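See below for the structure under consideration.
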Amino acid sequence: MSTAAVKVHWLNQSRAFRVLWLLDHLKLQYEIIPYKRNEEFRAPDELKKVHPLGRAPILEIDYKDTDQKDILAESGYIFQYVLENFDKNGLLNNPDRQKAEKIKYYLHYAEGSLQPPLFIEFLLATAKKAPVPFPISYVTKKFADKISEKYSQGELKNQLQFLEGEIKQNSGYLVGGRFSAADIILSFPLEMAFERKFAQPEQYPAITKWLKTIQSEESYLVSKRKAKDNGADF
Ligand SMILES: N[C@@H](CCC(=O)N[C@@H](CS)C(=O)NCC(=O)O)C(=O)O
């Protein structure tokens, strides 16, 4: 790592915060390249110059000694790469093979299983707020409520009940009773679920307590400060 320069292409109000937290917990040096969402809540086009999909986070690693540069997209892949290459002491991993595999599972699960029903809820909530005249607004709302009721709410509940049970079984964390990369990667969807009121914290006491516990990690506060210094409006 000493010969590598690390840049995080970070978008305000986004899941890119997790990468700052990951790097700060491992006490790695990095630079934040900030991007601001536009009026449509989309990433600006400049991000497409770094990676064609133009989504955040993007991790750029410049290996000075070999003159090679890695441009990484996809949160789970970024996490896996950082754990494999820069967490040699296993600080955010687990020495037990099965527990390490479980952490890897969560790196995929966050975006692959938990994020989809949350994203559907987000789209439906946005559609319901759209400035359309009556009676179209009435139809839109009814239609959105039906999709939520028939699919995304039930699916989200299923996921949250699963995580509630996992945290209870793992002494307040996701894997092996200790803080790991799994806790960092799942922080974003679970914070969002409560903040956007897609789920009620009272119904998930273990997740609620877990969120408080992990947010009291010193590295979380360090990353929050860095994000704020770069224009975050939490
Ligand atoms: N599965 C991708 C999702 C990336 C993604 O959608 N990022 C959002 C930020 S939360 C984004 O860049 N949105 C901007 C846009 O859609 O224009 C990952 O985990 O990295």
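For the structure tokens, the naming scheme is as follows: chains receive sequential letters (A, B, ...) according to their order of presentation, residues are indexed from 1 within each chain, and ligands are indexed from 1 in presentation order.
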
Selection: 9 Å around Leu174 (chain A), only C-alpha atoms, excl. self and same-chain fewer than 4 positions, as a list in words: Lys102, Ile103, Tyr106, Leu163, Glu166, Ile167, Lys168, Gln169, Asn170, Arg178, Phe179, Ser180, Ala182, Asp183 and Trp210 of chain A

Surroundings of ligand 1 up to 6 Å, based on only C-alpha atoms and all ligand atoms, as a list of chain:residue names: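 The residues within 6 Å of ligand 1, counting only C-alpha atoms and all ligand atoms, are A:Ser14, A:Arg15, A:Arg42, A:Ala43, A:Arg55, A:Ala56, A:Pro57, A:Ala73, A:Glu74, A:Ser75, A:Glu111.
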
Contact residues around His25 (chain A) with only C-alpha atoms at 12 Å, ignoring same-chain residues under 5 positions, as a list of chain:residue names: A:Arg18, A:Val19, A:Leu20, A:Val82, A:Leu83, A:Phe86, A:Asp87, A:Gly90, A:Leu91, A:Leu92, A:Asn93, A:Phe179, A:Ser180, A:Ala181, A:Asp183, A:Ile184, A:Ile214, A:Glu217, A:Glu218, A:Ser219, A:Tyr220, A:Leu221, A:Val222, A:Ser223

Go ahead and write the residues just picked, N, CA and C atoms, as a JSON list (two decimals), in the first residue's frame.
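again-v9.json, written as the output of this step:
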```json
[["chain", "number", "residue", "atom", "x", "y", "z"],
["A", 18, "ARG", "N", -19.53, 4.25, 2.53],
["A", 18, "ARG", "CA", -19.02, 3.00, 3.10],
["A", 18, "ARG", "C", -17.55, 2.76, 2.78],
["A", 19, "VAL", "N", -17.14, 3.21, 1.59],
["A", 19, "VAL", "CA", -15.74, 2.97, 1.19],
["A", 19, "VAL", "C", -14.79, 3.85, 2.03],
["A", 20, "LEU", "N", -15.25, 5.07, 2.34],
["A", 20, "LEU", "CA", -14.43, 5.91, 3.22],
["A", 20, "LEU", "C", -14.25, 5.21, 4.56],
["A", 82, "VAL", "N", -10.18, -4.62, -1.33],
["A", 82, "VAL", "CA", -9.47, -3.96, -0.22],
["A", 82, "VAL", "C", -9.14, -4.99, 0.87],
["A", 83, "LEU", "N", -10.09, -5.87, 1.17],
["A", 83, "LEU", "CA", -9.82, -6.89, 2.20],
["A", 83, "LEU", "C", -8.66, -7.78, 1.77],
["A", 86, "PHE", "N", -5.33, -5.18, 1.22],
["A", 86, "PHE", "CA", -4.85, -4.20, 2.21],
["A", 86, "PHE", "C", -5.26, -4.49, 3.64],
["A", 87, "ASP", "N", -5.88, -5.64, 3.88],
["A", 87, "ASP", "CA", -6.22, -5.98, 5.26],
["A", 87, "ASP", "C", -5.49, -7.26, 5.63],
["A", 90, "GLY", "N", -6.30, -8.99, 8.83],
["A", 90, "GLY", "CA", -7.67, -9.47, 8.99],
["A", 90, "GLY", "C", -8.51, -8.68, 9.98],
["A", 91, "LEU", "N", -8.23, -7.37, 10.07],
["A", 91, "LEU", "CA", -8.95, -6.54, 11.02],
["A", 91, "LEU", "C", -10.46, -6.52, 10.75],
["A", 92, "LEU", "N", -10.82, -6.49, 9.47],
["A", 92, "LEU", "CA", -12.25, -6.46, 9.12],
["A", 92, "LEU", "C", -12.72, -7.80, 8.55],
["A", 93, "ASN", "N", -11.89, -8.82, 8.73],
["A", 93, "ASN", "CA", -12.21, -10.15, 8.25],
["A", 93, "ASN", "C", -12.37, -11.07, 9.46],
["A", 179, "PHE", "N", -16.95, -6.80, 14.96],
["A", 179, "PHE", "CA", -17.09, -5.86, 13.86],
["A", 179, "PHE", "C", -16.31, -6.34, 12.64],
["A", 180, "SER", "N", -16.95, -6.29, 11.48],
["A", 180, "SER", "CA", -16.27, -6.75, 10.26],
["A", 180, "SER", "C", -16.76, -5.92, 9.07],
["A", 181, "ALA", "N", -16.19, -6.23, 7.91],
["A", 181, "ALA", "CA", -16.59, -5.55, 6.67],
["A", 181, "ALA", "C", -18.08, -5.75, 6.38],
["A", 183, "ASP", "N", -20.50, -5.58, 8.50],
["A", 183, "ASP", "CA", -21.25, -4.53, 9.19],
["A", 183, "ASP", "C", -21.17, -3.21, 8.41],
["A", 184, "ILE", "N", -20.00, -2.92, 7.86],
["A", 184, "ILE", "CA", -19.86, -1.65, 7.12],
["A", 184, "ILE", "C", -20.73, -1.69, 5.86],
["A", 214, "ILE", "N", -22.40, 0.18, 15.77],
["A", 214, "ILE", "CA", -21.37, 0.35, 14.72],
["A", 214, "ILE", "C", -21.12, 1.83, 14.44],
["A", 217, "GLU", "N", -18.24, 3.45, 16.34],
["A", 217, "GLU", "CA", -16.84, 3.14, 15.99],
["A", 217, "GLU", "C", -16.13, 4.47, 15.67],
["A", 218, "GLU", "N", -14.91, 4.61, 16.16],
["A", 218, "GLU", "CA", -14.17, 5.85, 15.92],
["A", 218, "GLU", "C", -14.02, 6.12, 14.41],
["A", 219, "SER", "N", -13.78, 5.04, 13.65],
["A", 219, "SER", "CA", -13.56, 5.19, 12.20],
["A", 219, "SER", "C", -14.80, 5.76, 11.50],
["A", 220, "TYR", "N", -15.97, 5.45, 12.03],
["A", 220, "TYR", "CA", -17.22, 5.99, 11.44],
["A", 220, "TYR", "C", -17.22, 7.51, 11.58],
["A", 221, "LEU", "N", -16.84, 7.97, 12.78],
["A", 221, "LEU", "CA", -16.87, 9.41, 13.04],
["A", 221, "LEU", "C", -15.79, 10.12, 12.21],
["A", 222, "VAL", "N", -14.64, 9.46, 12.04],
["A", 222, "VAL", "CA", -13.56, 10.03, 11.21],
["A", 222, "VAL", "C", -14.06, 10.21, 9.78],
["A", 223, "SER", "N", -14.70, 9.16, 9.24],
["A", 223, "SER", "CA", -15.19, 9.22, 7.85],
["A", 223, "SER", "C", -16.30, 10.25, 7.70]]
```

Which of region 23-225 of chain A fall in strand (DSSP E or B), as a VMD selection string: chain A and resid 31 to 35 58 to 63 68 to 73 175 178

Spatial neighbours of Trp10 (chain A), max dist 6 Å, only C-alpha atoms, sep filter under 2 positions, as an NGL selection string: :A and (8 or 16 or 33-34 or 57)

Near region 188-200 of chain A, 8 Å: region 64-150 of chain A residue rows, closest pairs, only C-alpha atoms, as JSON lines:
```
{"residue": "A:Ala110", "atom": "CA", "partner": "A:Pro189", "partner_atom": "CA", "distance": 7.4}
{"residue": "A:Leu114", "atom": "CA", "partner": "A:Pro189", "partner_atom": "CA", "distance": 7.1}
{"residue": "A:Gln115", "atom": "CA", "partner": "A:Pro189", "partner_atom": "CA", "distance": 6.4}
{"residue": "A:Leu118", "atom": "CA", "partner": "A:Ala193", "partner_atom": "CA", "distance": 6.9}
{"residue": "A:Glu121", "atom": "CA", "partner": "A:Phe198", "partner_atom": "CA", "distance": 7.0}
```

Just write the chosen residues, N, CA and C atoms, as an mmCIF file, in the first residue's frame.
```cif
data_model
loop_
_atom_site.group_PDB
_atom_site.id
_atom_site.type_symbol
_atom_site.label_atom_id
_atom_site.label_comp_id
_atom_site.auth_asym_id
_atom_site.auth_seq_id
_atom_site.Cartn_x
_atom_site.Cartn_y
_atom_site.Cartn_z
ATOM 1 N N ALA A 110 -25.525 -7.506 0.085
ATOM 2 C CA ALA A 110 -25.965 -6.109 0.283
ATOM 3 C C ALA A 110 -26.552 -5.525 -0.996
ATOM 4 N N LEU A 114 -30.525 -7.232 -0.734
ATOM 5 C CA LEU A 114 -31.196 -6.256 0.138
ATOM 6 C C LEU A 114 -31.521 -4.955 -0.594
ATOM 7 N N GLN A 115 -30.605 -4.526 -1.454
ATOM 8 C CA GLN A 115 -30.807 -3.242 -2.119
ATOM 9 C C GLN A 115 -32.019 -3.231 -3.076
ATOM 10 N N LEU A 118 -35.376 -2.212 -1.539
ATOM 11 C CA LEU A 118 -35.261 -0.834 -1.055
ATOM 12 C C LEU A 118 -35.315 0.154 -2.217
ATOM 13 N N GLU A 121 -38.862 0.494 -3.355
ATOM 14 C CA GLU A 121 -39.592 1.382 -2.436
ATOM 15 C C GLU A 121 -39.235 2.848 -2.699
#
```

DSSP-assigned alpha helix (DSSP H) members of region 33-171 of chain A, reported as a ChimeraX atom specification: /A:47-50,75-86,97-109,115-129,136-147,153-169

Any chance you could export the current selection's C-alpha atoms as a PDB file, in the first residue's frame?
```
ATOM      1  CA  LEU A  47     -18.038  10.445 -13.128  1.00  0.00           C
ATOM      2  CA  LYS A  48     -18.372   8.687 -16.512  1.00  0.00           C
ATOM      3  CA  LYS A  49     -14.856   9.866 -17.356  1.00  0.00           C
ATOM      4  CA  VAL A  50     -13.561   7.696 -14.509  1.00  0.00           C
ATOM      5  CA  SER A  75     -19.161  -1.722  -3.728  1.00  0.00           C
ATOM      6  CA  GLY A  76     -18.929  -5.455  -2.977  1.00  0.00           C
ATOM      7  CA  TYR A  77     -16.015  -5.904  -5.359  1.00  0.00           C
ATOM      8  CA  ILE A  78     -14.251  -2.836  -3.944  1.00  0.00           C
ATOM      9  CA  PHE A  79     -14.643  -4.260  -0.441  1.00  0.00           C
ATOM     10  CA  GLN A  80     -13.353  -7.669  -1.495  1.00  0.00           C
ATOM     11  CA  TYR A  81     -10.346  -6.112  -3.231  1.00  0.00           C
ATOM     12  CA  VAL A  82      -9.472  -3.963  -0.216  1.00  0.00           C
ATOM     13  CA  LEU A  83      -9.817  -6.892   2.200  1.00  0.00           C
ATOM     14  CA  GLU A  84      -7.665  -9.140   0.028  1.00  0.00           C
ATOM     15  CA  ASN A  85      -4.971  -6.593  -0.720  1.00  0.00           C
ATOM     16  CA  PHE A  86      -4.851  -4.200   2.206  1.00  0.00           C
ATOM     17  CA  ARG A  97     -12.820 -19.931   7.331  1.00  0.00           C
ATOM     18  CA  GLN A  98     -16.588 -20.239   7.510  1.00  0.00           C
ATOM     19  CA  LYS A  99     -16.966 -16.829   9.105  1.00  0.00           C
ATOM     20  CA  ALA A 100     -14.717 -15.290   6.445  1.00  0.00           C
ATOM     21  CA  GLU A 101     -16.967 -16.881   3.811  1.00  0.00           C
ATOM     22  CA  LYS A 102     -20.018 -15.422   5.568  1.00  0.00           C
ATOM     23  CA  ILE A 103     -18.449 -11.966   5.354  1.00  0.00           C
ATOM     24  CA  LYS A 104     -17.906 -12.515   1.625  1.00  0.00           C
ATOM     25  CA  TYR A 105     -21.548 -13.584   1.309  1.00  0.00           C
ATOM     26  CA  TYR A 106     -22.675 -10.283   2.842  1.00  0.00           C
ATOM     27  CA  LEU A 107     -20.466  -8.308   0.434  1.00  0.00           C
ATOM     28  CA  HIS A 108     -22.607  -9.758  -2.376  1.00  0.00           C
ATOM     29  CA  TYR A 109     -25.878  -9.867  -0.450  1.00  0.00           C
ATOM     30  CA  GLN A 115     -30.807  -3.242  -2.119  1.00  0.00           C
ATOM     31  CA  PRO A 116     -33.415  -4.234  -4.794  1.00  0.00           C
ATOM     32  CA  PRO A 117     -36.591  -4.036  -2.611  1.00  0.00           C
ATOM     33  CA  LEU A 118     -35.261  -0.834  -1.055  1.00  0.00           C
ATOM     34  CA  PHE A 119     -34.675   0.666  -4.480  1.00  0.00           C
ATOM     35  CA  ILE A 120     -38.192  -0.299  -5.562  1.00  0.00           C
ATOM     36  CA  GLU A 121     -39.592   1.382  -2.436  1.00  0.00           C
ATOM     37  CA  PHE A 122     -37.496   4.467  -3.241  1.00  0.00           C
ATOM     38  CA  LEU A 123     -38.816   4.609  -6.822  1.00  0.00           C
ATOM     39  CA  LEU A 124     -42.410   4.132  -5.684  1.00  0.00           C
ATOM     40  CA  ALA A 125     -42.072   6.867  -3.046  1.00  0.00           C
ATOM     41  CA  THR A 126     -40.603   9.178  -5.720  1.00  0.00           C
ATOM     42  CA  ALA A 127     -43.460   8.366  -8.124  1.00  0.00           C
ATOM     43  CA  LYS A 128     -45.998   9.153  -5.395  1.00  0.00           C
ATOM     44  CA  LYS A 129     -44.421  12.569  -4.841  1.00  0.00           C
ATOM     45  CA  ILE A 136     -53.482  10.947 -12.519  1.00  0.00           C
ATOM     46  CA  SER A 137     -51.865  11.497  -9.102  1.00  0.00           C
ATOM     47  CA  TYR A 138     -54.571   9.314  -7.506  1.00  0.00           C
ATOM     48  CA  VAL A 139     -53.989   6.483  -9.995  1.00  0.00           C
ATOM     49  CA  THR A 140     -50.209   6.741  -9.628  1.00  0.00           C
ATOM     50  CA  LYS A 141     -50.487   6.537  -5.846  1.00  0.00           C
ATOM     51  CA  LYS A 142     -52.835   3.548  -5.944  1.00  0.00           C
ATOM     52  CA  PHE A 143     -50.592   1.764  -8.435  1.00  0.00           C
ATOM     53  CA  ALA A 144     -47.441   2.472  -6.366  1.00  0.00           C
ATOM     54  CA  ASP A 145     -49.136   1.291  -3.162  1.00  0.00           C
ATOM     55  CA  LYS A 146     -50.201  -1.942  -4.849  1.00  0.00           C
ATOM     56  CA  ILE A 147     -46.668  -2.789  -6.036  1.00  0.00           C
ATOM     57  CA  GLN A 153     -42.750  -4.350   1.409  1.00  0.00           C
ATOM     58  CA  GLY A 154     -43.070  -8.102   1.879  1.00  0.00           C
ATOM     59  CA  GLU A 155     -39.655  -8.760   0.397  1.00  0.00           C
ATOM     60  CA  LEU A 156     -38.054  -6.077   2.549  1.00  0.00           C
ATOM     61  CA  LYS A 157     -39.705  -7.517   5.658  1.00  0.00           C
ATOM     62  CA  ASN A 158     -38.377 -10.946   4.763  1.00  0.00           C
ATOM     63  CA  GLN A 159     -34.832  -9.548   4.450  1.00  0.00           C
ATOM     64  CA  LEU A 160     -35.005  -7.498   7.642  1.00  0.00           C
ATOM     65  CA  GLN A 161     -36.335 -10.408   9.680  1.00  0.00           C
ATOM     66  CA  PHE A 162     -33.450 -12.503   8.380  1.00  0.00           C
ATOM     67  CA  LEU A 163     -30.898  -9.855   9.427  1.00  0.00           C
ATOM     68  CA  GLU A 164     -32.590  -9.319  12.787  1.00  0.00           C
ATOM     69  CA  GLY A 165     -32.127 -13.048  13.481  1.00  0.00           C
ATOM     70  CA  GLU A 166     -28.522 -13.071  12.249  1.00  0.00           C
ATOM     71  CA  ILE A 167     -27.551 -10.166  14.523  1.00  0.00           C
ATOM     72  CA  LYS A 168     -29.231 -11.833  17.515  1.00  0.00           C
ATOM     73  CA  GLN A 169     -27.352 -15.060  16.834  1.00  0.00           C
TER      74      GLN A 169
END
```

Atomic distance CA of Arg37 (chain A) - CA of Gln13 (chain A), expressed in Å with one decimal: 7.9 Å

Within 9 Å of Leu28 (chain A) using only C-alpha atoms, minus same-chain residues under 3 positions, as a PyMOL selection string: chain A and resi 1+6+22-25+86

Test item: residues at most 7 Å from region 228-232 of chain A, only C-alpha atoms, excluding those fewer than 2 positions along its chain, as a list in words: Asn12, Gln13, Pro34, Lys224, Arg225, Lys226 and Phe234 of chain A

For Thr208 (chain A), the nearest of the candidates A:Glu39, A:Ala227, A:Val132, A:Ser187, counting only C-alpha atoms: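 Of the candidates, the smallest distance to Thr208 (chain A) is held by A:Ser187.
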